[in-house]
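Single-structure report; data block below.
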Amino acid sequence: MANEMVRIAEVIVDVPANNTDRPFDYRIPPELQDDVQVGSRVLVPFGHRKVIGYCIGIKTASSSMRLKSIIDVMDMAPPLTPELVQLGQVMAEEYLCHTITALQSMVPAVLKGTYQKMVKLHPESREPLFSLLSDPEQQLYSLLEKRGECTWEEVNKIPGMSRSLLKKLIEEERILVEERIGDRVTKQKVTWVWAADADQLRSGLQTLSPRAVRQREILQYFLDHPGEVELSKLLTHIRTTRSTVKRLVEQGWLCWEEREQYRDPYGDRTFGKTEPLPLTKEQQRAFQAIVRPIHEKRAHTILLHGVTGSGKTEIYLQAIEEVLRQKREAIVLVPEISLTPQMVQRFKGRFGKQVAVLHSRLSNGERYDEWRKIRQGEVQIAIGARSAIFAPFQNLGLIIIDEEHETSYKQEENPKYHARDIAKWRAQAHGATLVLGSATPAVESYFKARTGEYEWIQLTERVHGRPFPEVQVVDMREELRKGNRSMFSQLLARSLKECIERGEQAVLFLNRRGFATFVMCRSCGETLICPHCDITLTYHQTNQTVRCHYCGYAERLPQTCPNCQSKHIRHFGTGTQRVEAELLRQFPDIKVIRMDVDTTSRKGAHERLLAQFRDGKAHVLLGTQMIAKGLDFPKVTLVGVIAADTMLHLPDFRAAERTFQLLMQVGGRAGRHEQPGKVIIQTYSPDHYSIHLAATYQTEMFYRQELLIRKRHVYPPFCSLFTIMISHVDRIHLMKYGQQMAQFIRNKAPADCHLLGPVPPPIAKLKDRYRLQMLIKCQTDPKVLVRLKHILHQIENMFDDRELVISMDREIMNFPVGYSDLLETSQSLI
């Protein structure tokens with residue numbers, strides 16, 4: 001007799017280790033046949049324990065195979081779509097990480113916590129005839145009536161209970177199954193109250209004692225307001241208690257019901273409905289270029305290279321309307337949380353409840369509910385920061401990455417993906433259009449547009465023909481020669497005073513938070529260093545502390561030098577706190593709003609501070625790079641860059657590109673409406689090409705010069721880069737492992753791969769761990785990359801030392817350099 005065929009699930013288990021990074025086969029038991037799908041989270045036996053895993057494939061095999069069975073399916077609907085499962089496998093290969101790590105990065109964090117399914121009677125189920133119920137049903141009803149609810153596991157232990165019977169009861173709306181996630185992040189419940197019958201209310205009023213004042217007020221409320229109301233609002237309005245309402249329900253005059261309600265992070269706000277604006281000729285041309293591939297349903301990438309104030313957002317909005325007409329979906333990425341409120345306002349104003357918002361400042365519950373709206377097909381648009389690219393849509397038509405050059409689109413932890421790459425893969429899978437929007441595209445994107453890999457659409461004019469702001473570069477060396485030791489040049493101080501006197505607003509930018517960069521003893525030269533990291537502590541004046549911005553270590557500012565006990569210990573450098581203090585000293589009546597990591601750590605802080613500035617409650621918005629782009633305030637006519645050199649002389653081959661982008665972006669905040677704008681750039685390097693070309697709006701010239709330098713020194717887009725960072729608590733062991741790895745790579749790597757290192761990075765010690773890094777340059781040839789990735793995977797299994805941590809990255813965006821030839825490159829750019 002031939003063996004019977006059974007269905008087998010291929011499961012990636014949540015055990016992130018090299019020897020478990022592969023699918024394991026599990027038998028799908030008959031009662032779970034309809035529930036296990038590609039993308040399902042399942043509970044499986046693994047060794048002597050039970051672990052959660054993801055089903056990445058289903059196949060059939062002979063029943064004679066000895067396989068363990070899946071214990072349970074964790075979710076009513078799979079959290080991952082088949083497309084996202086496939087993407088997770090691609091990410092694991094491309095970004096050199098475990099498959100489970102890639103899959104987990106696509107689901108909300110709350111799905112990784114404590115999980116439970118609860119069973120309760122359906123609120124609308126009618127009382128069954130007990131004698132007609134089967135024995136398992138009778139026991140289930142008795143249990144639920146007695147306890148109100150019980151766990152899925154308890155229900156399945158009832159004798160004779162089967163999964164098929166439970167599924168039947170769910171479909172007949174006799175019982176309800178709720179997913180409970182974590183201790184605090186459960187689904188939000190709201191109790192609604194309504195009147196049973198108007199005539200009963202009137203008779204109730206006649207029946208009730210005159211002393212039952214609150215009960216009479218409640219009944220009168222429902223006579224005056226037919227319909228249902230939230231219990232919390234009713235209690236607030238009548239100023240009564242839940243028990244009072246409960247007595248009226250028990251009398252049969254009122255009805256109430258507990259219902260699930262999504263948490264809405266913007267539920268307390270109203271968004272005025274907006275209509276599409278007329279497009280300029282340039283905007284219309286760009287719009288047509290975007291909707292053409294949308295209508296053709298073909299994968300296509302467009303670089304929308306538009307100057308600041310050219311109306312890119314309105315093009316996005318109208319392109320999304322075309323997508324919605326096709327019954328398809330759209331994802332919009334923004335780089336900073338500070339940009340999200342303004343974008344949310346524009347998108348909610350145009351599309352209302354069709355928009356879900358995903359970013360890290362939402363509570364876990366809010367984020368989970370927004371994600372569920374997407375997964376259940378209740379919204380068609382997702383807007384958010386980097387991780388929103390994994391929104392589980394199943395019919396994508398458009399993906400927009402605004403300010404596509406931003407480094408925040410690169411994930412710094414495993415999987416170390418770039419949202420731009422993920423967007424390309426998803427667009428290919430869905431036949432969707434990808435729009436990369438920026439006034440200052442990444443050099444790599446610009447190169448691909450100029451060589452024809454992307455379609456290149458330019459917007460060269462501001463909306464309504466508004467002029468670009470006047471840009472003046474101030475040489476701070478000259479200011480010192482004139483005896484001006486202030487952080488504000490004479491021109492900036494004068495312009496700021498005139499701006500405030502005219503009743504206008506200014507934006508001041510400095511890409512460094514804190515009060516001062518470091519604290520040093522003038523007697524012996526000792527600087528305060530973090531005891532856990534090889535980096536100086538930053539002084540914060542607000543609470544008189546010095547802090548490490550890497551590990552969070554903090555201590556009070558010492559009164560004497562820890563080394564020589566001298567009292568001549570002072571703080572040096574300039575941070576946003578110090579600029580704020582200096583502003584208030586020079587302009588006593590000025591009102592300043594400071595935006596940096598320290599002032600925006602609380603939920604809603606970004607939106608609150610920006611709303612205050614928009615409402616004219618401050619003269620100056622002072623901040624770090626979070627204020628440099630995307631913001632649009634009508635009264636801002638002056639932008640001042642305190643120190644344009646902050647990033648320019650870092651040992652980073654992208655230093656000039658970052659400086660140019662930041663200056664162009666921050667300058668674009670001025671003069672966007674009726675009044676003309678002015679930009680003042682303070683620098684000690686006025687002749688550097690990135691500053692000079694940004695000040696004169698020579699974008700094309702900058703990209704040409706930057707690409708020539710990249711080609712000469714072989715950096716992206718003319719090569720692929722891999723970095724290996726290794727860390728250990730013991731420096732000697734670390735040096736030995738580093739040398740062994742480097743030798744292994746040199747022996748095995750293709751001839752055209754060039755290894756630099758191992759060398760200590762700029763921060764050689766972090767969180768009590770010593771660090772070494774290596775850089776590999778190689779051709780962007782698929783065969784070379786496959787071979788190199790195989791070598792890097794071998795490295796992970798070379799050493800049996802639990803203290804050794806190996807981290808690998810590809811096409812890194814934030815580039816910590818420690819190599820002599822890169823330092824020479826950096827110097828040649830100056």
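Chain labels A, B, ... are given in the sequence in which chains occur in the structure tokens; within each chain residues are numbered consecutively from 1, and ligands are likewise numbered from 1 in the order shown.
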- request: Mind the document's chain letters and residue numbers, and return as an MDAnalysis selection string the residues of stretch 492-651 of chain A that DSSP labels strand (DSSP E or B).
  value: chainID A and resid 505:509 516 518:521 527 529 536 538:540 545:547 554:556 569:572 592:595 620:623 636:641
Quick one: contact table of stretch 677-707 of chain A to stretch 469-490 of chain A, 7 Å max, nearest atom pair and distance in Å to one decimal per residue, counting only C-alpha atoms, chain and number order, as a tab-separated table?
```
residue	atom	partner	partner_atom	distance
A:Gly677	CA	A:Pro469	CA	4.3
A:Lys678	CA	A:Glu470	CA	4.8
A:Val679	CA	A:Val471	CA	4.6
A:Ile680	CA	A:Gln472	CA	5.0
A:Ile681	CA	A:Val473	CA	4.8
A:Gln682	CA	A:Val474	CA	4.8
A:Thr683	CA	A:Asp475	CA	5.6
A:Tyr684	CA	A:Met476	CA	5.3
A:Pro686	CA	A:Asp475	CA	6.0
A:Ala695	CA	A:Val471	CA	5.6
```
message: Report as a list in words all protein, DNA and RNA residues lying within 12 Å of A:Arg216, evaluated on only C-alpha atoms, omitting residues in the same chain fewer than 4 positions from it.
response: Leu201, Arg202, Ser203, Gly204, Leu205, Gln206, Thr207, Leu208, Ser209, Pro210, Arg211, Ala212, Gln220, Tyr221, Phe222, Leu223, Ile238, Thr240, Thr244, Val245, Arg247, Leu248 and Trp253 of chain A
Requested write-out: C-alpha atoms of the selected residues, as a PDB file, in the first residue's frame:
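What follows is the written file again.pdb:
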```
ATOM      1  CA  LEU A 201     -37.290  55.531  29.060  1.00  0.00           C
ATOM      2  CA  ARG A 202     -40.405  57.609  29.673  1.00  0.00           C
ATOM      3  CA  SER A 203     -41.967  54.931  31.880  1.00  0.00           C
ATOM      4  CA  GLY A 204     -38.636  54.618  33.657  1.00  0.00           C
ATOM      5  CA  LEU A 205     -38.637  58.326  34.441  1.00  0.00           C
ATOM      6  CA  GLN A 206     -42.107  57.945  35.970  1.00  0.00           C
ATOM      7  CA  THR A 207     -41.077  54.852  37.953  1.00  0.00           C
ATOM      8  CA  LEU A 208     -37.757  56.153  39.356  1.00  0.00           C
ATOM      9  CA  SER A 209     -37.687  57.856  42.735  1.00  0.00           C
ATOM     10  CA  PRO A 210     -37.160  61.660  42.617  1.00  0.00           C
ATOM     11  CA  ARG A 211     -34.083  61.057  44.787  1.00  0.00           C
ATOM     12  CA  ALA A 212     -32.407  58.989  42.003  1.00  0.00           C
ATOM     13  CA  GLN A 220     -33.391  62.182  30.098  1.00  0.00           C
ATOM     14  CA  TYR A 221     -30.033  62.392  28.258  1.00  0.00           C
ATOM     15  CA  PHE A 222     -31.010  59.490  25.985  1.00  0.00           C
ATOM     16  CA  LEU A 223     -34.461  60.990  25.351  1.00  0.00           C
ATOM     17  CA  ILE A 238     -23.546  63.460  33.621  1.00  0.00           C
ATOM     18  CA  THR A 240     -21.806  59.960  37.481  1.00  0.00           C
ATOM     19  CA  THR A 244     -25.215  53.988  38.203  1.00  0.00           C
ATOM     20  CA  VAL A 245     -25.367  53.134  34.502  1.00  0.00           C
ATOM     21  CA  ARG A 247     -28.284  49.625  37.479  1.00  0.00           C
ATOM     22  CA  LEU A 248     -30.199  51.120  34.537  1.00  0.00           C
ATOM     23  CA  TRP A 253     -33.912  50.569  30.199  1.00  0.00           C
TER      24      TRP A 253
END
```
message: Here is a test: counting only C-alpha atoms, which residue of A:Ala289, A:Leu804, A:Met91, A:Ile100 is nearest to A:Ala419?
response: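 Residue with the minimum atom-to-atom distance to A:Ala419: A:Met91.
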Atomic distance atom CA of A:Met76 - atom CA of A:Leu121, expressed in Å with one decimal: 17.1 Å
message: Using only C-alpha atoms, which protein or nucleic acid residues come within 7 Å of stretch 160-176 of chain A? Drop anything in the same chain fewer than 6 positions from it, and give the result as a count of residues only.
response: 7
Near-stretch 610-627 of chain A list (6 Å; only C-alpha atoms; drop same-chain fewer than 2 positions) as a list in words: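 So the residues in contact are Gln505, Ala506, Val507, Leu508, Phe509, Leu510, Asn511, Lys591, Val592, Ile593, Arg594, Met595, Asp596, Glu607, Arg608 and Lys629 of chain A.
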Expected answer as a PyMOL selection string: helix (DSSP H, G or I) residues in stretch 101-282 of chain A: chain A and resi 101-104+109-112+130-132+135-147+152-156+163-171+198-207+213-224+231-238+242-250+281-282
message: Give me, as a list of chain:residue names, all polymer residues having an atom no more than 12 Å from A:Ile732, counting only C-alpha atoms and skipping those fewer than 3 positions away in the same chain.
response: A:Ser727, A:His728, A:Val729, A:Met735, A:Lys736, A:Tyr737, A:Gly738, A:Gln739, A:Arg769, A:Tyr770, A:Arg771, A:Leu772, A:Leu804
field: Minimum-distance residue to A:Glu582, chosen among A:Ala493, A:Glu501, A:Pro82, A:Thr600 (using only C-alpha atoms)
entry: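 Going through A:Ala493, A:Glu501, A:Pro82, A:Thr600 one by one, the smallest distance to A:Glu582 is for A:Ala493.
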- request: Determine the nearest neighbour of A:Arg810 from the options A:Arg285, A:Arg669, A:His295, A:Lys416, counting only C-alpha atoms.
  value: A:Lys416
- prompt: What does the distance from atom CA of A:Gln288 to atom CA of A:Ala319 come to in Å, to one decimal?
  reply: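 Atom CA of A:Gln288 sits 8.8 Å away from atom CA of A:Ala319.
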field: One-decimal distance in Å that lies between atom CA of A:His305 and atom CA of A:Tyr446
entry: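 A separation of 8.7 Å between them.
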Residue neighbourhood A:Asn797, 10 Å, only C-alpha atoms, exclusion window fewer than 4 positions, as a compact mmCIF listing (two decimals) with N, CA and C atoms, in the first residue's frame:
```txt
# COMPACT_ATOMS: atom_id res chain seq x y z
N ASN A 18 23.98 30.45 13.70
CA ASN A 18 24.39 30.04 12.36
C ASN A 18 23.91 28.62 12.03
N ASN A 19 23.99 27.70 13.01
CA ASN A 19 23.63 26.30 12.71
C ASN A 19 22.11 26.07 12.67
N LEU A 792 32.57 35.66 3.83
CA LEU A 792 32.18 36.36 5.05
C LEU A 792 31.33 35.46 5.95
N HIS A 793 30.49 34.63 5.35
CA HIS A 793 29.72 33.67 6.15
C HIS A 793 30.64 32.66 6.83
```
Closest of A:His225, A:Lys777, A:Arg41, A:His464 to A:Pro79 - atom-to-atom distances counting only C-alpha atoms: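 Of the candidates, the smallest distance to A:Pro79 is held by A:Arg41.
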message: My list of candidates is A:Glu526, A:Ala102, A:Arg578, A:Glu94. Which is closest to A:Ile12 when distances are computed with only C-alpha atoms?
response: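 When distances to A:Ile12 are compared using only C-alpha atoms, the smallest one comes from A:Ala102.
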